[in-house]
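Here is the structure we will look at.
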Amino acid sequence: MELKDIVHISGKPGLYKIVAHGKANLVVESLDASKTRTSVSVSQRFSVLDDISMFTTDEDIKLREVLVKLNDTVVGGVTPPSPKSSEDDLKKFFELVLTNYDKERVHTSDIKRLVQWYSLLVDDLDFEAMRKAKDDEDTDETKIEHQETKSAVIKSQPRVKVDTKGKSSASKTAINRKTV
């Protein structure tokens, strides 16, 4: 399962897998044990997990990267707190996962929701594939930046035409202006 196939519907608890979609609605199935299917109007507020980012002091970080870091922390031996744990416990845990998260804009409710989502998704997500996708994305961004830099360097170089007498057209224009 991939994050692009999972949605959070505003006002409804839990996460839902997209089963089918039409012009005016989505058919979703809950990820909990009940596996209930329901139709969601596209006018309802819902978020695809792949589009969600979290605030950091540097740049915003995609939810998939946060989930990979959270999984690495859990695999490293740190037990995630219950979503019903105290604010301090949740914040301490999240600081282990994402040291540079923005403490003013990331609320305790966001951390609770993240821990809940992780517990729902831990068995279904392929964290290695998500890590590889992030690495591939970083490589693509580096290539694009390199191409943009190379293009900018080429465009910034002035073009000077040389006439048959060996003088540049810029010099010839300057000479013509002086004589007129």
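The chains in the structure tokens are called A, B, ... from first to last as shown; in each chain the residues are counted from 1, and the ligands are counted from 1 in the order shown.
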Show me, as a ChimeraX atom specification, the residues that have an atom within 9 Å of Lys103 (chain A) when counting only C-alpha atoms, minus same-chain residues fewer than 4 positions from it. /A:55-57,91,107
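Every protein or nucleic acid residue with an atom no more than 8 Å from region 71-82 of chain A, counting only C-alpha atoms and leaving out same-chain residues fewer than 2 positions away, appears here: A:Leu67, A:Val68, A:Lys69, A:Lys84, A:Ser85, A:Asp89, A:Leu90, A:Phe93, A:Leu96, A:Val97, A:Val115, A:Val122, A:Phe127.
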Just the number, please: distance in Å from CA of Ser39 (chain A) to CA of Lys62 (chain A), one decimal. 27.2 Å
Shell around His8 (chain A) at 10 Å using only C-alpha atoms, local window under 2 positions removed, as a VMD selection string: chain A and resid 6 10 to 17 30 45 to 49 117
Output of the above residues as an mmCIF file, in the first residue's frame, restricted to N, CA and C atoms:
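Okay, again-v3.cif is ready:
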data_model
loop_
_atom_site.group_PDB
_atom_site.id
_atom_site.type_symbol
_atom_site.label_atom_id
_atom_site.label_comp_id
_atom_site.auth_asym_id
_atom_site.auth_seq_id
_atom_site.Cartn_x
_atom_site.Cartn_y
_atom_site.Cartn_z
ATOM 1 N N ILE A 6 -4.115 6.450 0.391
ATOM 2 C CA ILE A 6 -4.705 6.540 1.720
ATOM 3 C C ILE A 6 -5.129 7.982 1.983
ATOM 4 N N SER A 10 -11.821 14.586 6.924
ATOM 5 C CA SER A 10 -12.075 15.527 8.013
ATOM 6 C C SER A 10 -13.399 15.192 8.693
ATOM 7 N N GLY A 11 -13.353 15.109 10.008
ATOM 8 C CA GLY A 11 -14.564 14.813 10.778
ATOM 9 C C GLY A 11 -14.807 13.337 11.015
ATOM 10 N N LYS A 12 -14.001 12.480 10.394
ATOM 11 C CA LYS A 12 -14.142 11.036 10.587
ATOM 12 C C LYS A 12 -12.864 10.493 11.199
ATOM 13 N N PRO A 13 -12.974 9.588 12.145
ATOM 14 C CA PRO A 13 -11.770 9.028 12.760
ATOM 15 C C PRO A 13 -11.086 8.021 11.840
ATOM 16 N N GLY A 14 -9.786 7.878 12.002
ATOM 17 C CA GLY A 14 -9.038 6.854 11.277
ATOM 18 C C GLY A 14 -8.621 7.256 9.890
ATOM 19 N N LEU A 15 -8.137 6.264 9.174
ATOM 20 C CA LEU A 15 -7.675 6.437 7.796
ATOM 21 C C LEU A 15 -8.474 5.543 6.874
ATOM 22 N N TYR A 16 -8.480 5.907 5.602
ATOM 23 C CA TYR A 16 -9.260 5.166 4.620
ATOM 24 C C TYR A 16 -8.430 4.910 3.372
ATOM 25 N N LYS A 17 -8.613 3.741 2.810
ATOM 26 C CA LYS A 17 -7.938 3.370 1.562
ATOM 27 C C LYS A 17 -8.901 3.676 0.414
ATOM 28 N N SER A 30 -12.318 1.641 5.286
ATOM 29 C CA SER A 30 -11.586 1.973 6.507
ATOM 30 C C SER A 30 -10.436 0.990 6.702
ATOM 31 N N ARG A 45 -14.063 17.589 2.868
ATOM 32 C CA ARG A 45 -12.639 17.831 3.068
ATOM 33 C C ARG A 45 -11.941 16.513 3.369
ATOM 34 N N PHE A 46 -10.970 16.175 2.543
ATOM 35 C CA PHE A 46 -10.141 15.006 2.804
ATOM 36 C C PHE A 46 -8.727 15.308 2.332
ATOM 37 N N SER A 47 -7.772 14.595 2.917
ATOM 38 C CA SER A 47 -6.364 14.809 2.577
ATOM 39 C C SER A 47 -5.728 13.490 2.199
ATOM 40 N N VAL A 48 -5.052 13.465 1.079
ATOM 41 C CA VAL A 48 -4.271 12.303 0.676
ATOM 42 C C VAL A 48 -2.973 12.358 1.467
ATOM 43 N N LEU A 49 -2.605 11.275 2.118
ATOM 44 C CA LEU A 49 -1.449 11.284 3.003
ATOM 45 C C LEU A 49 -0.155 11.651 2.293
ATOM 46 N N TRP A 117 -1.786 7.225 13.212
ATOM 47 C CA TRP A 117 -1.635 6.814 11.825
ATOM 48 C C TRP A 117 -0.524 5.783 11.681
#
